[in-house]
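Enquirer: CSV, C-alpha atoms and all ligand atoms, saved as data.csv, coming up:
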chain,number,residue,atom,x,y,z
V,949,MET,CA,-13.9,-16.6,-25.7
V,950,ALA,CA,-11.1,-18.3,-23.7
V,951,ARG,CA,-11.2,-18.0,-20.0
V,952,ARG,CA,-8.4,-15.8,-18.7
V,953,LYS,CA,-5.7,-17.4,-16.7
V,954,LYS,CA,-5.5,-16.9,-13.0
V,955,VAL,CA,-1.8,-16.4,-12.0
V,956,TYR,CA,-2.1,-16.0,-8.3
V,957,GLU,CA,-4.6,-15.5,-5.6
V,958,GLY,CA,-3.5,-13.8,-2.4
V,959,LYS,CA,-5.4,-12.4,0.6
V,960,ALA,CA,-6.4,-9.1,-0.9
V,961,LYS,CA,-6.1,-9.5,-4.7
V,962,ILE,CA,-6.3,-12.0,-7.6
V,963,LEU,CA,-3.8,-11.7,-10.4
V,964,TYR,CA,-4.8,-12.6,-13.9
V,965,GLU,CA,-2.7,-12.8,-17.1
V,966,GLY,CA,-2.9,-9.4,-18.9
V,967,PRO,CA,-3.9,-8.8,-22.5
V,968,GLU,CA,-0.3,-8.3,-23.5
V,969,PRO,CA,3.0,-10.0,-22.5
V,970,GLY,CA,4.5,-8.3,-19.5
V,971,THR,CA,1.1,-7.2,-18.1
V,972,LEU,CA,-1.2,-8.4,-15.4
V,973,ILE,CA,-4.7,-7.7,-14.2
V,974,GLN,CA,-5.1,-7.0,-10.5
V,975,TYR,CA,-8.6,-7.8,-9.1
V,976,PHE,CA,-9.2,-6.2,-5.7
V,977,LYS,CA,-11.3,-8.4,-3.3
V,978,ASP,CA,-13.3,-7.3,-0.3
V,979,GLU,CA,-12.1,-10.1,2.0
V,980,ALA,CA,-10.1,-9.0,5.0
V,981,ALA,CA,-6.4,-9.1,4.8
V,982,ALA,CA,-5.9,-12.1,7.1
V,983,GLY,CA,-2.7,-12.0,9.0
V,984,GLN,CA,-2.8,-8.2,9.0
V,985,PRO,CA,-5.1,-7.7,12.1
V,986,GLU,CA,-3.4,-4.4,12.8
V,987,VAL,CA,-4.7,-3.0,9.6
V,988,GLN,CA,-8.4,-3.9,9.4
V,989,PRO,CA,-10.0,-6.7,11.5
V,990,SER,CA,-12.7,-7.8,9.1
V,991,ALA,CA,-14.1,-7.8,5.6
V,992,VAL,CA,-15.5,-4.4,4.6
V,993,GLU,CA,-18.1,-4.2,1.9
V,994,GLY,CA,-16.7,-2.2,-1.0
V,995,ARG,CA,-13.1,-2.3,0.3
V,996,GLY,CA,-11.8,-3.8,-3.0
V,997,VAL,CA,-13.6,-1.1,-5.0
V,998,LEU,CA,-12.1,1.6,-2.9
V,999,ASN,CA,-8.6,0.2,-2.7
V,1000,ASN,CA,-8.7,-0.2,-6.5
V,1001,ARG,CA,-9.5,3.6,-6.8
V,1002,LEU,CA,-7.1,4.6,-4.1
V,1003,SER,CA,-4.2,2.6,-5.4
V,1004,GLU,CA,-4.9,4.1,-8.9
V,1005,PHE,CA,-4.9,7.6,-7.4
V,1006,PHE,CA,-1.6,7.2,-5.6
V,1007,MET,CA,0.2,5.2,-8.3
V,1008,ALA,CA,-0.9,7.5,-11.1
V,1009,GLY,CA,0.2,10.5,-9.0
V,1010,LEU,CA,3.6,8.9,-8.5
V,1011,ASN,CA,3.9,8.1,-12.2
V,1012,SER,CA,3.1,11.7,-13.0
V,1013,ILE,CA,6.0,13.1,-10.9
V,1014,GLY,CA,8.4,10.6,-12.3
V,1015,VAL,CA,8.4,7.9,-9.6
V,1016,PRO,CA,7.9,4.7,-11.6
V,1017,THR,CA,5.1,2.3,-10.6
V,1018,HIS,CA,3.5,-0.8,-12.1
V,1019,PHE,CA,0.2,1.0,-12.7
V,1020,ILE,CA,-1.0,1.4,-16.3
V,1021,ARG,CA,-4.7,2.0,-16.1
V,1022,ARG,CA,-7.9,1.1,-14.2
V,1023,LEU,CA,-10.1,-1.3,-16.2
V,1024,ASN,CA,-13.3,-1.3,-14.1
V,1025,MET,CA,-14.5,-1.0,-10.5
V,1026,ARG,CA,-12.4,-3.9,-9.2
V,1027,GLU,CA,-9.6,-4.3,-11.7
V,1028,GLN,CA,-6.5,-2.5,-12.9
V,1029,LEU,CA,-3.9,-3.2,-15.6
V,1030,VAL,CA,-0.4,-3.3,-14.3
V,1031,ARG,CA,3.1,-4.1,-15.5
V,1032,MET,CA,4.3,-7.5,-14.5
V,1033,ALA,CA,7.3,-7.2,-12.2
V,1034,GLU,CA,9.7,-9.6,-10.5
V,1035,ILE,CA,8.8,-8.8,-6.9
V,1036,ILE,CA,11.7,-8.4,-4.5
V,1037,PRO,CA,10.5,-10.6,-1.5
V,1038,LEU,CA,10.5,-7.7,0.9
V,1039,GLN,CA,8.1,-5.3,2.5
V,1040,VAL,CA,9.8,-1.9,2.5
V,1041,VAL,CA,8.5,0.1,5.5
V,1042,VAL,CA,9.0,3.8,6.0
V,1043,ARG,CA,8.2,5.4,9.3
V,1044,ASN,CA,7.7,9.1,10.1
V,1045,PHE,CA,6.1,8.8,13.6
V,1046,ALA,CA,6.6,6.1,16.2
V,1047,ALA,CA,3.9,3.4,16.3
V,1048,GLY,CA,3.3,-0.3,16.3
V,1049,GLU,CA,6.2,-2.6,16.5
V,1050,LEU,CA,8.8,0.3,16.7
V,1051,SER,CA,7.1,1.6,19.8
V,1052,THR,CA,6.7,-1.8,21.5
V,1053,ARG,CA,10.2,-3.1,20.7
V,1054,LEU,CA,12.1,0.0,21.4
V,1055,GLY,CA,9.9,1.6,24.0
V,1056,ILE,CA,9.4,4.8,22.0
V,1057,PRO,CA,6.0,6.5,22.8
V,1058,GLU,CA,3.4,6.1,20.1
V,1059,GLY,CA,3.0,9.3,18.1
V,1060,MET,CA,6.5,10.6,18.7
V,1061,PRO,CA,7.9,12.3,15.5
V,1062,LEU,CA,11.0,10.5,14.4
V,1063,PRO,CA,14.2,12.5,13.9
V,1064,ARG,CA,14.2,11.3,10.2
V,1065,PRO,CA,12.2,8.8,8.2
V,1066,ILE,CA,13.3,5.3,9.1
V,1067,VAL,CA,13.3,2.6,6.4
V,1068,GLU,CA,12.9,-1.0,7.5
V,1069,TYR,CA,12.7,-4.3,5.6
V,1070,TYR,CA,10.6,-7.3,6.3
V,1071,TYR,CA,11.0,-10.6,4.5
V,1072,LYS,CA,7.8,-11.6,2.7
V,1073,ASP,CA,7.1,-15.0,4.1
V,1074,GLU,CA,3.8,-15.7,5.8
V,1075,ARG,CA,4.8,-18.9,7.4
V,1076,LEU,CA,7.6,-16.9,9.2
V,1077,ASN,CA,5.2,-14.0,9.9
V,1078,ASP,CA,7.2,-11.6,7.7
V,1079,PRO,CA,10.2,-11.2,10.0
V,1080,MET,CA,12.3,-8.0,10.0
V,1081,VAL,CA,15.6,-8.4,8.2
V,1082,SER,CA,18.7,-6.2,7.8
V,1083,GLU,CA,20.6,-5.2,4.7
V,1084,GLU,CA,23.1,-7.8,5.6
V,1085,HIS,CA,20.5,-10.6,5.4
V,1086,ILE,CA,19.1,-9.2,2.1
V,1087,VAL,CA,22.5,-9.1,0.4
V,1088,ALA,CA,23.8,-12.3,1.9
V,1089,PHE,CA,20.7,-14.3,0.8
V,1090,GLY,CA,20.7,-12.6,-2.6
V,1091,TRP,CA,17.2,-11.0,-2.4
V,1092,ALA,CA,18.7,-7.8,-3.6
V,1093,ASN,CA,22.2,-6.3,-4.0
V,1094,GLN,CA,23.7,-3.1,-2.6
V,1095,GLN,CA,22.7,-1.1,-5.6
V,1096,ASP,CA,19.1,-2.3,-5.4
V,1097,LEU,CA,19.0,-1.4,-1.8
V,1098,ASP,CA,20.2,2.2,-2.5
V,1099,ASP,CA,17.6,2.5,-5.3
V,1100,MET,CA,14.9,1.0,-3.1
V,1101,ILE,CA,15.6,3.5,-0.3
V,1102,ALA,CA,15.5,6.4,-2.8
V,1103,LEU,CA,12.3,5.1,-4.2
V,1104,ALA,CA,10.7,4.6,-0.8
V,1105,LEU,CA,11.7,8.1,0.4
V,1106,ARG,CA,10.2,9.7,-2.8
V,1107,VAL,CA,7.0,7.7,-2.2
V,1108,ASN,CA,7.1,8.9,1.4
V,1109,ASP,CA,7.4,12.6,0.5
V,1110,PHE,CA,4.6,12.3,-2.1
V,1111,LEU,CA,2.2,10.4,0.1
V,1112,SER,CA,2.9,12.5,3.2
V,1113,GLY,CA,2.1,15.6,1.2
V,1114,VAL,CA,-1.0,14.3,-0.3
V,1115,MET,CA,-2.3,13.1,3.0
V,1116,MET,CA,-1.4,16.3,4.8
V,1117,GLY,CA,-3.5,18.2,2.2
V,1118,VAL,CA,-6.6,16.3,3.4
V,1119,GLY,CA,-5.8,16.5,7.1
V,1120,ILE,CA,-4.3,13.1,7.6
V,1121,ARG,CA,-0.9,12.2,9.1
V,1122,LEU,CA,1.0,9.4,7.4
V,1123,ALA,CA,2.6,7.7,10.4
V,1124,ASP,CA,4.1,4.9,8.4
V,1125,PHE,CA,3.4,2.7,5.3
V,1126,ARG,CA,4.9,-0.2,3.4
V,1127,ILE,CA,5.4,-0.9,-0.2
V,1128,GLU,CA,6.5,-3.8,-2.4
V,1129,VAL,CA,9.2,-3.1,-5.1
V,1130,GLY,CA,9.6,-5.1,-8.3
V,1131,ARG,CA,12.1,-5.3,-11.1
V,1132,ILE,CA,11.2,-4.7,-14.7
V,1133,TRP,CA,13.5,-4.9,-17.8
V,1134,GLU,CA,13.7,-2.4,-20.5
V,1135,GLY,CA,16.0,-3.9,-23.1
V,1136,ASP,CA,19.2,-4.6,-21.2
V,1137,PHE,CA,18.4,-2.3,-18.4
V,1138,MET,CA,16.7,-3.3,-15.2
V,1139,ARG,CA,14.8,-0.8,-13.0
V,1140,LEU,CA,12.9,-0.9,-9.8
V,1141,ILE,CA,9.3,0.2,-9.7
V,1142,VAL,CA,6.7,0.5,-7.0
V,1143,ALA,CA,4.3,-2.6,-7.3
V,1144,ASP,CA,1.4,-4.2,-5.4
V,1145,GLU,CA,-0.9,-1.6,-4.0
V,1146,ILE,CA,-0.9,1.7,-2.0
V,1147,SER,CA,-4.1,1.8,0.1
V,1148,PRO,CA,-5.2,2.1,3.7
V,1149,ASP,CA,-4.2,-1.6,4.1
V,1150,ASN,CA,-0.6,-0.6,4.0
V,1151,CYS,CA,-0.6,2.9,5.5
V,1152,ARG,CA,-1.0,3.9,9.1
V,1153,LEU,CA,-3.2,7.0,8.9
V,1154,TRP,CA,-4.0,9.4,11.7
V,1155,ASP,CA,-6.8,12.0,11.5
V,1156,MET,CA,-5.6,15.6,12.2
V,1157,ARG,CA,-8.9,17.3,11.4
V,1158,GLY,CA,-10.4,19.3,14.2
V,1159,LEU,CA,-7.5,18.6,16.5
V,1160,ALA,CA,-6.7,22.3,17.1
V,1161,GLU,CA,-10.4,23.0,18.0
V,1162,ARG,CA,-10.6,20.0,20.4
V,1163,GLU,CA,-7.4,21.1,22.0
V,1164,GLY,CA,-8.8,24.4,22.9
V,1165,THR,CA,-11.9,23.0,24.5
V,1166,ALA,CA,-10.7,19.9,26.4
V,1167,GLY,CA,-7.7,21.4,28.2
V,1168,ALA,CA,-5.3,18.4,27.9
V,1169,PRO,CA,-3.5,18.0,24.6
V,1170,VAL,CA,-5.4,15.9,22.1
V,1171,GLU,CA,-3.6,13.1,20.3
V,1172,PRO,CA,-4.4,12.3,16.7
V,1173,GLY,CA,-6.3,9.0,16.4
V,1174,PRO,CA,-6.8,6.5,13.7
V,1175,LEU,CA,-9.0,7.6,10.8
V,1176,ALA,CA,-12.5,6.2,11.3
V,1177,ASP,CA,-14.1,4.3,8.4
V,1178,VAL,CA,-10.7,4.7,6.7
V,1179,TYR,CA,-11.5,3.4,3.2
V,1180,THR,CA,-14.6,5.6,2.6
V,1181,GLU,CA,-13.2,8.6,4.4
V,1182,LEU,CA,-9.9,8.7,2.6
V,1183,ALA,CA,-11.6,8.2,-0.8
V,1184,ARG,CA,-14.1,10.9,0.1
V,1185,ARG,CA,-11.4,13.4,1.1
V,1186,LEU,CA,-9.3,12.7,-2.0
V,1187,GLY,CA,-12.4,13.0,-4.2
V,1188,VAL,CA,-12.2,9.5,-5.6
V,1189,LEU,CA,-15.3,8.0,-4.0
V,1190,PRO,CA,-17.2,6.2,-6.7
V,1191,SER,CA,-20.8,7.4,-6.4
V,1192,ASN,CA,-22.2,3.9,-6.2
V,1193,VAL,CA,-20.2,2.8,-3.2
V,1194,THR,CA,-22.0,4.1,-0.1
V,1195,HIS,CA,-23.0,2.7,3.2
V,1196,ALA,CA,-26.6,3.5,2.4
V,1197,PRO,CA,-29.1,0.7,3.1
V,1198,LYS,CA,-29.8,-1.6,0.2
V,1199,PRO,CA,-32.9,-0.8,-1.8
V,1200,THR,CA,-36.1,-2.5,-0.5
V,1201,LEU,CA,-39.1,-3.6,-2.5
V,1202,ILE,CA,-42.2,-1.3,-2.2
V,1203,ASN,CA,-45.4,-3.3,-2.0
V,1301,LIG,P1,-0.6,-11.5,-0.5
V,1301,LIG,O1,-1.7,-12.3,0.2
V,1301,LIG,O2,0.6,-12.4,-0.9
V,1301,LIG,O3,-0.3,-10.2,0.2
V,1301,LIG,P2,-2.2,-10.0,-2.4
V,1301,LIG,O4,-3.6,-10.5,-2.2
V,1301,LIG,O5,-1.8,-8.7,-1.9
V,1301,LIG,O6,-1.1,-11.1,-1.9
V,1301,LIG,O7,-1.9,-10.2,-4.0
V,1301,LIG,C1,-0.9,-9.5,-4.6
V,1301,LIG,C2,0.3,-10.4,-5.0
V,1301,LIG,O8,0.8,-10.0,-6.2
V,1301,LIG,C3,1.4,-10.2,-4.0
V,1301,LIG,O9,2.1,-11.5,-3.8
V,1301,LIG,C4,2.4,-9.3,-4.7
V,1301,LIG,O10,3.7,-9.4,-4.4
V,1301,LIG,C5,2.1,-9.6,-6.2
V,1301,LIG,N1,2.3,-8.4,-7.1
V,1301,LIG,C6,1.9,-7.2,-6.9
V,1301,LIG,N2,2.1,-6.4,-7.9
V,1301,LIG,C7,2.8,-7.2,-8.8
V,1301,LIG,C8,3.3,-6.9,-10.1
V,1301,LIG,N3,3.3,-5.7,-10.7
V,1301,LIG,N4,3.9,-8.0,-10.8
V,1301,LIG,C9,4.0,-9.2,-10.2
V,1301,LIG,N5,3.5,-9.5,-9.0
V,1301,LIG,C10,2.9,-8.5,-8.3
V,1302,MG,MG,-0.7,-8.2,-0.2
Show me this structure written as C-alpha cells.
Expert:
Amino acid sequence: MARRKKVYEGKAKILYEGPEPGTLIQYFKDEAAAGQPEVQPSAVEGRGVLNNRLSEFFMAGLNSIGVPTHFIRRLNMREQLVRMAEIIPLQVVVRNFAAGELSTRLGIPEGMPLPRPIVEYYYKDERLNDPMVSEEHIVAFGWANQQDLDDMIALALRVNDFLSGVMMGVGIRLADFRIEVGRIWEGDFMRLIVADEISPDNCRLWDMRGLAEREGTAGAPVEPGPLADVYTELARRLGVLPSNVTHAPKPTLIN
C-alpha cells in the first residue's frame, strides 16, 4: 500500500492528501498551539481527539443549517475528511464581548457586552505575528475582493449566531472566536466555506454556570471566568466526549 502524502504540517494539525481529488485528511495533534499562548499554554493529552470531535460537532451543525463548511465526515479518533479549499490568508474574528486585544488597545473593560458583533481581520503570517488589517489592505493586496468580504462577513455572523446559541445552551458565553474561510469551485461558481477548525483553540469561552447562585451568596457581582479544563468540559457538556478519553490514571499492573 502506498504511503499517503503529507501536504502540510502546522502547529495543531497535519494535512494529508485525501482519497479523492479535492479532499484532504486533517489529523489533529495534541501538541500545543505555539504562538497562541492566550489560548492554551501547553500540550494537553487528548486535545487532538477532543478538537477533532468538537470541530466535527460544530461544522456538521453548521452544514445542517445551510452554512457551508469544509467538513465531510470524521474518519477516526484523530482524523476527519474535509473538502480542500483555497484558504484566504486571513483570520476572521467575531467579538461579542470585550476581551483580549480589543480591551487593551481601546481601553474597554473586559467582559463588556459590545453594542453589536464586531468583525475584525488578521493577516495570517506567523513571522509578522498575524497583524490586524483593514478591508482596504485586503482589497488593495488582492487577498479578497469586496464581494468576498461581504460574503465573509455574512458567513462569520451566521457562524456567530449558531455558535453563540449552542454555547448558551450549555451555560457558556462565546466572548469571541476566529475562523478561516476558503474558496471552493463548483463548476464555474466559486463559493466561500468555513475551513480549518472550530474548537476551544479558536474560541474565547466563559463559564456562566452557577453565576446566579454565587452572586446571591458573595454580595459583590460575580464575573464569568474562563471555562476550566476547557476541552474536556466543553465536549462533556455537548455530549461528544469519547468514552476512552478521560483524565483517569493509566492502568497499572497488578502483581
Ligand atoms: P497553522 O499552524 O498554520 O495554524 P494548523 O496546524 O492549524 O496550521 O493546520 C491547518 C492548516 O491547514 C492551516 O494552514 C489552514 O489554513 C489549512 N487548512 C484548513 N482547512 C483547510 C482546507 N479545507 N483546505 C485547505 N487548507 C486548509
Ligand atoms: Mg491553525
Enquirer: List every residue of chain V that has an atom at most 7 Å from any atom of ligand LIG 1301 (chain V), and for each one report the closest atom pair and its distance in Å to one decimal, counting only C-alpha atoms and all ligand atoms, with rows sorted by chain and then by increasing residue number, as JSON lines.
Expert:
{"residue": "V:Tyr956", "atom": "CA", "partner": "V:LIG1301", "partner_atom": "C2", "distance": 6.9}
{"residue": "V:Glu957", "atom": "CA", "partner": "V:LIG1301", "partner_atom": "O4", "distance": 6.1}
{"residue": "V:Gly958", "atom": "CA", "partner": "V:LIG1301", "partner_atom": "O4", "distance": 3.3}
{"residue": "V:Lys959", "atom": "CA", "partner": "V:LIG1301", "partner_atom": "O1", "distance": 3.7}
{"residue": "V:Ala960", "atom": "CA", "partner": "V:LIG1301", "partner_atom": "O4", "distance": 3.4}
{"residue": "V:Lys961", "atom": "CA", "partner": "V:LIG1301", "partner_atom": "O4", "distance": 3.7}
{"residue": "V:Ile962", "atom": "CA", "partner": "V:LIG1301", "partner_atom": "O7", "distance": 6.0}
{"residue": "V:Leu963", "atom": "CA", "partner": "V:LIG1301", "partner_atom": "O8", "distance": 6.5}
{"residue": "V:Leu972", "atom": "CA", "partner": "V:LIG1301", "partner_atom": "N4", "distance": 6.9}
{"residue": "V:His1018", "atom": "CA", "partner": "V:LIG1301", "partner_atom": "N3", "distance": 5.1}
{"residue": "V:Val1030", "atom": "CA", "partner": "V:LIG1301", "partner_atom": "N3", "distance": 5.7}
{"residue": "V:Arg1031", "atom": "CA", "partner": "V:LIG1301", "partner_atom": "N3", "distance": 5.1}
{"residue": "V:Met1032", "atom": "CA", "partner": "V:LIG1301", "partner_atom": "N4", "distance": 3.8}
{"residue": "V:Ala1033", "atom": "CA", "partner": "V:LIG1301", "partner_atom": "N4", "distance": 3.8}
{"residue": "V:Glu1034", "atom": "CA", "partner": "V:LIG1301", "partner_atom": "C9", "distance": 5.7}
{"residue": "V:Ile1035", "atom": "CA", "partner": "V:LIG1301", "partner_atom": "O10", "distance": 5.7}
{"residue": "V:Glu1128", "atom": "CA", "partner": "V:LIG1301", "partner_atom": "O10", "distance": 6.6}
{"residue": "V:Gly1130", "atom": "CA", "partner": "V:LIG1301", "partner_atom": "N3", "distance": 6.8}
{"residue": "V:Ala1143", "atom": "CA", "partner": "V:LIG1301", "partner_atom": "N2", "distance": 4.4}
{"residue": "V:Asp1144", "atom": "CA", "partner": "V:LIG1301", "partner_atom": "C6", "distance": 3.4}
{"residue": "V:Glu1145", "atom": "CA", "partner": "V:LIG1301", "partner_atom": "N2", "distance": 6.9}
Enquirer: Using C-alpha atoms, can you write the selected residues to a file as a PDB file, keeping the file's coordinate frame?
Expert:
ATOM      1  CA  TYR V 956      -2.100 -16.000  -8.300  1.00  0.00           C
ATOM      2  CA  GLU V 957      -4.600 -15.500  -5.600  1.00  0.00           C
ATOM      3  CA  GLY V 958      -3.500 -13.800  -2.400  1.00  0.00           C
ATOM      4  CA  LYS V 959      -5.400 -12.400   0.600  1.00  0.00           C
ATOM      5  CA  ALA V 960      -6.400  -9.100  -0.900  1.00  0.00           C
ATOM      6  CA  LYS V 961      -6.100  -9.500  -4.700  1.00  0.00           C
ATOM      7  CA  ILE V 962      -6.300 -12.000  -7.600  1.00  0.00           C
ATOM      8  CA  LEU V 963      -3.800 -11.700 -10.400  1.00  0.00           C
ATOM      9  CA  LEU V 972      -1.200  -8.400 -15.400  1.00  0.00           C
ATOM     10  CA  HIS V1018       3.500  -0.800 -12.100  1.00  0.00           C
ATOM     11  CA  VAL V1030      -0.400  -3.300 -14.300  1.00  0.00           C
ATOM     12  CA  ARG V1031       3.100  -4.100 -15.500  1.00  0.00           C
ATOM     13  CA  MET V1032       4.300  -7.500 -14.500  1.00  0.00           C
ATOM     14  CA  ALA V1033       7.300  -7.200 -12.200  1.00  0.00           C
ATOM     15  CA  GLU V1034       9.700  -9.600 -10.500  1.00  0.00           C
ATOM     16  CA  ILE V1035       8.800  -8.800  -6.900  1.00  0.00           C
ATOM     17  CA  GLU V1128       6.500  -3.800  -2.400  1.00  0.00           C
ATOM     18  CA  GLY V1130       9.600  -5.100  -8.300  1.00  0.00           C
ATOM     19  CA  ALA V1143       4.300  -2.600  -7.300  1.00  0.00           C
ATOM     20  CA  ASP V1144       1.400  -4.200  -5.400  1.00  0.00           C
ATOM     21  CA  GLU V1145      -0.900  -1.600  -4.000  1.00  0.00           C
TER      22      GLU V1145
END
Enquirer: Which of these residues is nearest to ligand MG 1302 (chain V), using only C-alpha atoms and all ligand atoms: V:Pro1190, V:Pro1057, V:Gly1048, V:Pro1037?
Expert: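 Checking each of V:Pro1190, V:Pro1057, V:Gly1048, V:Pro1037 against ligand MG 1302 (chain V), counting only C-alpha atoms and all ligand atoms, the winner is V:Pro1037.
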Enquirer: I'd like the neighbourhood of Pro1079 in chain V as a list in words, where a residue qualifies if any of its atoms comes within 12 Å (using all atoms listed in the file), though same-chain residues fewer than 3 positions away should be ignored.
Expert: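 Result of the neighbour search: Pro1037, Leu1038, Gln1039, Val1040, Glu1049, Glu1068, Tyr1069, Tyr1070, Tyr1071, Lys1072, Asp1073, Glu1074, Arg1075, Leu1076, Ser1082 and His1085 of chain V.
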Enquirer: Please write the residues from the selection above to a file, keeping C-alpha atoms, as a compact mmCIF listing (two decimals), in the frame of the given file.
Expert:
# COMPACT_ATOMS: atom_id res chain seq x y z
CA PRO V 1037 10.50 -10.60 -1.50
CA LEU V 1038 10.50 -7.70 0.90
CA GLN V 1039 8.10 -5.30 2.50
CA VAL V 1040 9.80 -1.90 2.50
CA GLU V 1049 6.20 -2.60 16.50
CA GLU V 1068 12.90 -1.00 7.50
CA TYR V 1069 12.70 -4.30 5.60
CA TYR V 1070 10.60 -7.30 6.30
CA TYR V 1071 11.00 -10.60 4.50
CA LYS V 1072 7.80 -11.60 2.70
CA ASP V 1073 7.10 -15.00 4.10
CA GLU V 1074 3.80 -15.70 5.80
CA ARG V 1075 4.80 -18.90 7.40
CA LEU V 1076 7.60 -16.90 9.20
CA SER V 1082 18.70 -6.20 7.80
CA HIS V 1085 20.50 -10.60 5.40
Enquirer: Go ahead and compute the interatomic distance for CA of Arg1064 in chain V and CA of Asn1150 in chain V, in Å to one decimal.
Expert: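 About the pair CA of Arg1064 in chain V and CA of Asn1150 in chain V: they are 20.0 Å apart.
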Enquirer: Which value, in Å to one decimal, gives the distance between CA of Gly1009 in chain V and CA of Val992 in chain V?
Expert: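 Taking CA of Gly1009 in chain V as the start and CA of Val992 in chain V as the end point, the length is 25.6 Å.
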Enquirer: Could you pull out every residue with an atom within 12 Å of (-10.2, 6.6, 9.6), file coordinates, counting only C-alpha atoms, and send them as a list in words?
Expert: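 Residues with an atom close enough to that point: Val987, Gln988, Gly1119, Ile1120, Arg1121, Leu1122, Pro1148, Asp1149, Cys1151, Arg1152, Leu1153, Trp1154, Asp1155, Met1156, Arg1157, Pro1172, Gly1173, Pro1174, Leu1175, Ala1176, Asp1177, Val1178, Tyr1179, Thr1180, Glu1181, Leu1182, Ala1183, Arg1184 and Arg1185 of chain V.
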Enquirer: Point out the residue among V:Gly1055, V:Arg952, V:Asn1011, V:Ile1127 with the least atom-to-atom distance to ligand MG 1302 (chain V), counting only C-alpha atoms and all ligand atoms.
Expert: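 The closest residue to ligand MG 1302 (chain V) is V:Ile1127.
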Enquirer: Using only C-alpha atoms and all ligand atoms, which of the listed residues (V:Met1025, V:Ile1146, V:Val1170, V:Leu1189) sits closest to ligand MG 1302 (chain V)?
Expert: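 Closest to ligand MG 1302 (chain V), using only C-alpha atoms and all ligand atoms: V:Ile1146.
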Enquirer: As an exercise, work out the distance from CA of Ser1147 in chain V to CA of Asn1000 in chain V in Å and give it to one decimal place.
Expert: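 Taking CA of Ser1147 in chain V as the start and CA of Asn1000 in chain V as the end point, the length is 8.3 Å.
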Enquirer: For Val1067 in chain V, which of V:Met1080, V:Ile1086, V:Leu1054, V:Ala1104 is the closest residue, counting only C-alpha atoms?
Expert: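 Checking each of V:Met1080, V:Ile1086, V:Leu1054, V:Ala1104 against Val1067 in chain V, counting only C-alpha atoms, the winner is V:Ala1104.
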Enquirer: Would you mind telling me which residue in V:Ala1046, V:Glu979, V:Glu1083, V:Gly1187 lies nearest to ligand MG 1302 (chain V) when using all atoms listed in the file?
Expert: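 Nearest to ligand MG 1302 (chain V): V:Glu979.
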Enquirer: Pick out the closest residue to Gly1014 in chain V from this set: V:Leu1159, V:Leu1186, V:Leu1103, V:Val1114. Count only C-alpha atoms.
Expert: V:Leu1103
